[in-house]
Amino acid sequence: MTGSPTTSTHVLHAALVPAPALVDERRTLYRLAAEMFAPGTELSDNLADHPIVRYEIGRALAGHGDLDPGQLPRVASMKVRDAGVPVAADPSAAELLEAPLRIVAPSGVHPEPLTEADGERFERALEIVDEGVRLLQKFAPDMADDLLAHVSMLAVLKRETSGGLVSASSRYVPGIVLIDEPALPMEVAEALVHEGAHEKFFDLAIAKDFLDLSAEDADYFETSWSHARWPLEQTFAAWHAYNCLAQFSVSIGPEQLGSDSLLTKARERADEIGQWLLAHEDDLRSDARWLLRALVGDTVDLKGEGGVRSQVDDVTLSSEISENCHFRLLPDVFYKRATSGRVVVGKAARPVQIFWLNHDASWTLDQWRKDGAMETFGRLLVRATEEWQVSSAVAAERLKTAIGSLLRSSIVGSPEAH
Amino acid sequence: MTSPNQPSRLPQFPHNAGMPVAHPAPGVGPVIGQPVTPVQWFRRMPTGGTVYVVKPAEGRQS
């Protein structure tokens with residue numbers, strides 16, 4: 001049974017991970033990557049959030065070249081103006097934002113950002129953006145907090161250069177939203193909901209369990225309204241954004257909408273895509289399935305233990321773990337702990353492999369932090385039983401599951417386990 | 001204006017900061033994840049792949 005959502009998007013997002021914790025986990029991942037590519041590099045919050053810094057680190061993580069840490073402060077010092085969100089204002093923004101401008105540009109179009117060099121025209125756009133942010137905060141304050149936490153920068157495109165593009169964001173340059181030169185504050189508010197939802201999704205996708213490589217082999221969704229065909233990742237992102245837009249649409253009442261507004265169509269499209277995703281949910285990872293079912297209001301399979309159990313991989317290795325087994329952290333492993341306690345691991349390979357650990361695995365990894373020496377399962381079990389304050393049997397089961405998963409991912413090694 | 005070591009407006013969160021939220025619907029709870037989750041997001045880079053664009057010509061709408 002499915003139907004319209006009964007729970008707000010921001011409530012469900014927070015149930016997965018509160019926005020501040022998600023931002024902190026994202027920063028932790030990028031900081032780990034920066035330290036791996038350029039040892040000694042420390043990213044301030046501004047640097048870790050900057051879309052171009054994330055673009056450069058993302059390129060390196062994808063195996064496309066190295067990271068030049070000397071370049072990062074230059075791009076991050078780009079001047080922005082505060083209009084409720086940081087708005088690109090630097091006269092050299094077209095050069096510094098070359099990557100997102102190129103990526104989102106329709107064929108044959110070369111979008112240019114409005115900057116302070118455009119004088120009054122830029123100031124007028126800045127005022128409309130500021131009013132748009134206020135509208136969003138007025139009509140949907142919780143949603144504004146939830147989504148704007150993931151928008152690090154906004155760039156306004158000169159209308160005559162935007163090629164009909166209304167708003168855009170890209171997985172490759174996360175954190176920046178590009179909008180056409182606005183006429184109405186509501187256009188800005190809607191764009192921030194739409195693209196903010198995508199930015200939220202980008203952060204969830206790198207910190208939680210949403211999609212894996214199999215998404216690329218999944219069926220395509222074909223829209224009934226345009227017959228465009230979308231891969232699973234884009235389908236899920238669109239469904240997520242349409243849900244946020246539908247919720248926002250309910251919030252605003254009889255406000256004047258922009259000429260390209262999707263708000264009146266959002267609920268119907270969210271439902272259409274949601275039905276398709278439910279039929280293809282086996283292609284989604286556990287957190288994405290949970291969000292899907294929770295947002296369509298289907299709680300049938302969510303009862304029981306208070307949550308959805310993810311598809312835990314085969315744990316045959318766990319059964320081979322005995323009291324005297326030795327384990328050590330492998331030498332090509334780097335890791336960093338987020339404020340939430342979760343640990344993100346990087347394995348030095350080409351390309352770098354990234355993993356998030358749950359709390360048990362994070363705790364286990366931390367046991368090697370002092371000297372990198374071998375640890376026996378028996379010694380780890382004594383500590384786990386004490387610190388987790390559970391019975392030895394329960395601790396043993398949890399520890400075996402964690403170590404089994406760490407072994408399978410080649411994060412720890414053991415001379416006894418093969 | 002922002003610079004690398006200058007506090008920015010977004011997002012700077014005090015310790016234990018959080019948004020007050022209503023309780024999720026009955027039966028909705030946290031996901032019980034597997035111990036190690038690989039991040040396979042950083043696998044493709046531009047130009048190409050998924051770009052999230054809204055255009056009046058709805059063919060590319062997301």
# chains A, B, ... in the order shown; residues from 1 in each chain; ligands from 1

$ closest_atom_pairs --of "region 217-248 of chain A" --to "region 268-279 of chain A" --cutoff "7 Å" --atoms "only C-alpha atoms" --output "Markdown table"
| residue | atom | partner | partner_atom | distance |
| --- | --- | --- | --- | --- |
| A:Trp239 | CA | A:Ala270 | CA | 5.2 |
| A:Tyr242 | CA | A:Ala270 | CA | 5.1 |
| A:Asn243 | CA | A:Ala270 | CA | 5.6 |

$ write_last_selection --atoms "N, CA, C and O atoms" --output "mmCIF file, in the first residue's frame"
data_model
loop_
_atom_site.group_PDB
_atom_site.id
_atom_site.type_symbol
_atom_site.label_atom_id
_atom_site.label_comp_id
_atom_site.auth_asym_id
_atom_site.auth_seq_id
_atom_site.Cartn_x
_atom_site.Cartn_y
_atom_site.Cartn_z
ATOM 1 N N TRP A 239 12.998 11.836 -7.963
ATOM 2 C CA TRP A 239 11.908 11.479 -7.046
ATOM 3 C C TRP A 239 12.081 12.211 -5.712
ATOM 4 O O TRP A 239 11.119 12.760 -5.165
ATOM 5 N N TYR A 242 11.292 15.936 -6.284
ATOM 6 C CA TYR A 242 9.857 16.186 -6.472
ATOM 7 C C TYR A 242 9.109 16.048 -5.152
ATOM 8 O O TYR A 242 8.125 16.756 -4.914
ATOM 9 N N ASN A 243 9.527 15.149 -4.292
ATOM 10 C CA ASN A 243 8.885 15.050 -2.979
ATOM 11 C C ASN A 243 9.098 16.320 -2.161
ATOM 12 O O ASN A 243 8.175 16.801 -1.495
#

$ residues_around --residues "Phe355 (chain A)" --least-positions-apart "6" --cutoff "10 Å" --atoms "only C-alpha atoms" --output "PDB file with C-alpha atoms, in the first residue's frame"
ATOM      1  CA  LEU A  29      35.489  12.179   3.963  1.00  0.00           C
ATOM      2  CA  ILE A 206      28.657   9.568  -0.130  1.00  0.00           C
ATOM      3  CA  ALA A 207      27.959   9.092   3.586  1.00  0.00           C
ATOM      4  CA  TYR A 335      41.040   6.604   8.325  1.00  0.00           C
ATOM      5  CA  VAL A 343      34.880   6.207  10.727  1.00  0.00           C
ATOM      6  CA  VAL A 344      35.617   6.742   7.058  1.00  0.00           C
ATOM      7  CA  VAL A 345      38.401   4.602   5.625  1.00  0.00           C
ATOM      8  CA  GLY A 346      40.537   5.208   2.563  1.00  0.00           C
ATOM      9  CA  LYS A 347      42.599   2.489   0.957  1.00  0.00           C
ATOM     10  CA  LEU A 406      36.711  -5.487   7.750  1.00  0.00           C
ATOM     11  CA  SER A 409      37.049  -5.203   2.551  1.00  0.00           C
ATOM     12  CA  ILE A 411      40.922  -3.098   5.761  1.00  0.00           C
TER      13      ILE A 411
ATOM     14  CA  PRO B  35      29.572  -2.955   9.216  1.00  0.00           C
ATOM     15  CA  VAL B  36      31.481  -1.733   6.172  1.00  0.00           C
ATOM     16  CA  THR B  37      29.819   0.229   3.380  1.00  0.00           C
ATOM     17  CA  PRO B  38      31.850   1.000   0.265  1.00  0.00           C
ATOM     18  CA  VAL B  39      31.423   4.442  -1.294  1.00  0.00           C
ATOM     19  CA  GLN B  40      31.172   3.950  -5.042  1.00  0.00           C
TER      20      GLN B  40
END

$ residues_around --residues "region 399-405 of chain A" --least-positions-apart "3" --cutoff "9 Å" --atoms "only C-alpha atoms" --output "number ranges by chain"
A: 313, 315-321, 327, 357-358, 360-362, 364-365, 377, 380-381, 384, 394-396, 408-412; B: 34-36

$ select_by_dssp --residues "region 26-274 of chain A" --states "alpha helix (DSSP H)" --output "ChimeraX atom specification"
/A:26-37,45-49,51-61,72-76,93-96,98-104,120-139,141-148,185-207,232-252,263-274

$ select_by_dssp --residues "region 129-194 of chain A" --states "strand (DSSP E)" --output "list in words"
Met153, Leu154, Ala155, Val156, Leu157, Ser167, Ala168, Ser169, Ser170, Ile176, Val177, Leu178, Ile179 and Asp180 of chain A

$ write_last_selection --atoms "C-alpha atoms" --output "PDB file, in the first residue's frame"
ATOM      1  CA  MET A 153      27.295  28.468  -2.957  1.00  0.00           C
ATOM      2  CA  LEU A 154      24.847  29.839  -5.465  1.00  0.00           C
ATOM      3  CA  ALA A 155      25.751  31.365  -8.816  1.00  0.00           C
ATOM      4  CA  VAL A 156      23.333  33.494 -10.816  1.00  0.00           C
ATOM      5  CA  LEU A 157      23.661  33.150 -14.572  1.00  0.00           C
ATOM      6  CA  SER A 167      18.410  25.847 -12.324  1.00  0.00           C
ATOM      7  CA  ALA A 168      21.065  23.184 -12.157  1.00  0.00           C
ATOM      8  CA  SER A 169      23.368  21.216  -9.939  1.00  0.00           C
ATOM      9  CA  SER A 170      25.855  18.472 -10.645  1.00  0.00           C
ATOM     10  CA  ILE A 176      26.967  24.764  -5.897  1.00  0.00           C
ATOM     11  CA  VAL A 177      23.558  25.618  -7.289  1.00  0.00           C
ATOM     12  CA  LEU A 178      23.296  27.556 -10.525  1.00  0.00           C
ATOM     13  CA  ILE A 179      20.156  29.526 -11.342  1.00  0.00           C
ATOM     14  CA  ASP A 180      19.019  31.678 -14.196  1.00  0.00           C
TER      15      ASP A 180
END

$ residues_around --residues "Asp209 (chain A)" --least-positions-apart "3" --cutoff "12 Å" --atoms "only C-alpha atoms" --output "number ranges by chain"
A: 16-17, 201-206, 212-213, 283-291, 309-312, 355-358; B: 31-41

$ atom_distance --atom1 "CA of Pro231 (chain A)" --atom2 "CA of Val23 (chain A)"
26.3 Å

$ residues_around --residues "Gly84 (chain A)" --least-positions-apart "3" --cutoff "8 Å" --atoms "only C-alpha atoms" --output "list in words"
Val129, Asp130, Val133 and Arg134 of chain A

$ closest_residue --among "A:Leu295, A:Ala149, A:Ala38, A:Cys244" --to "chain B" --atoms "only C-alpha atoms"
A:Ala149

$ atom_distance --atom1 "CA of Glu95 (chain A)" --atom2 "CA of Met78 (chain A)"
10.4 Å

$ atom_distance --atom1 "CA of Leu72 (chain A)" --atom2 "CA of Arg26 (chain A)"
17.3 Å
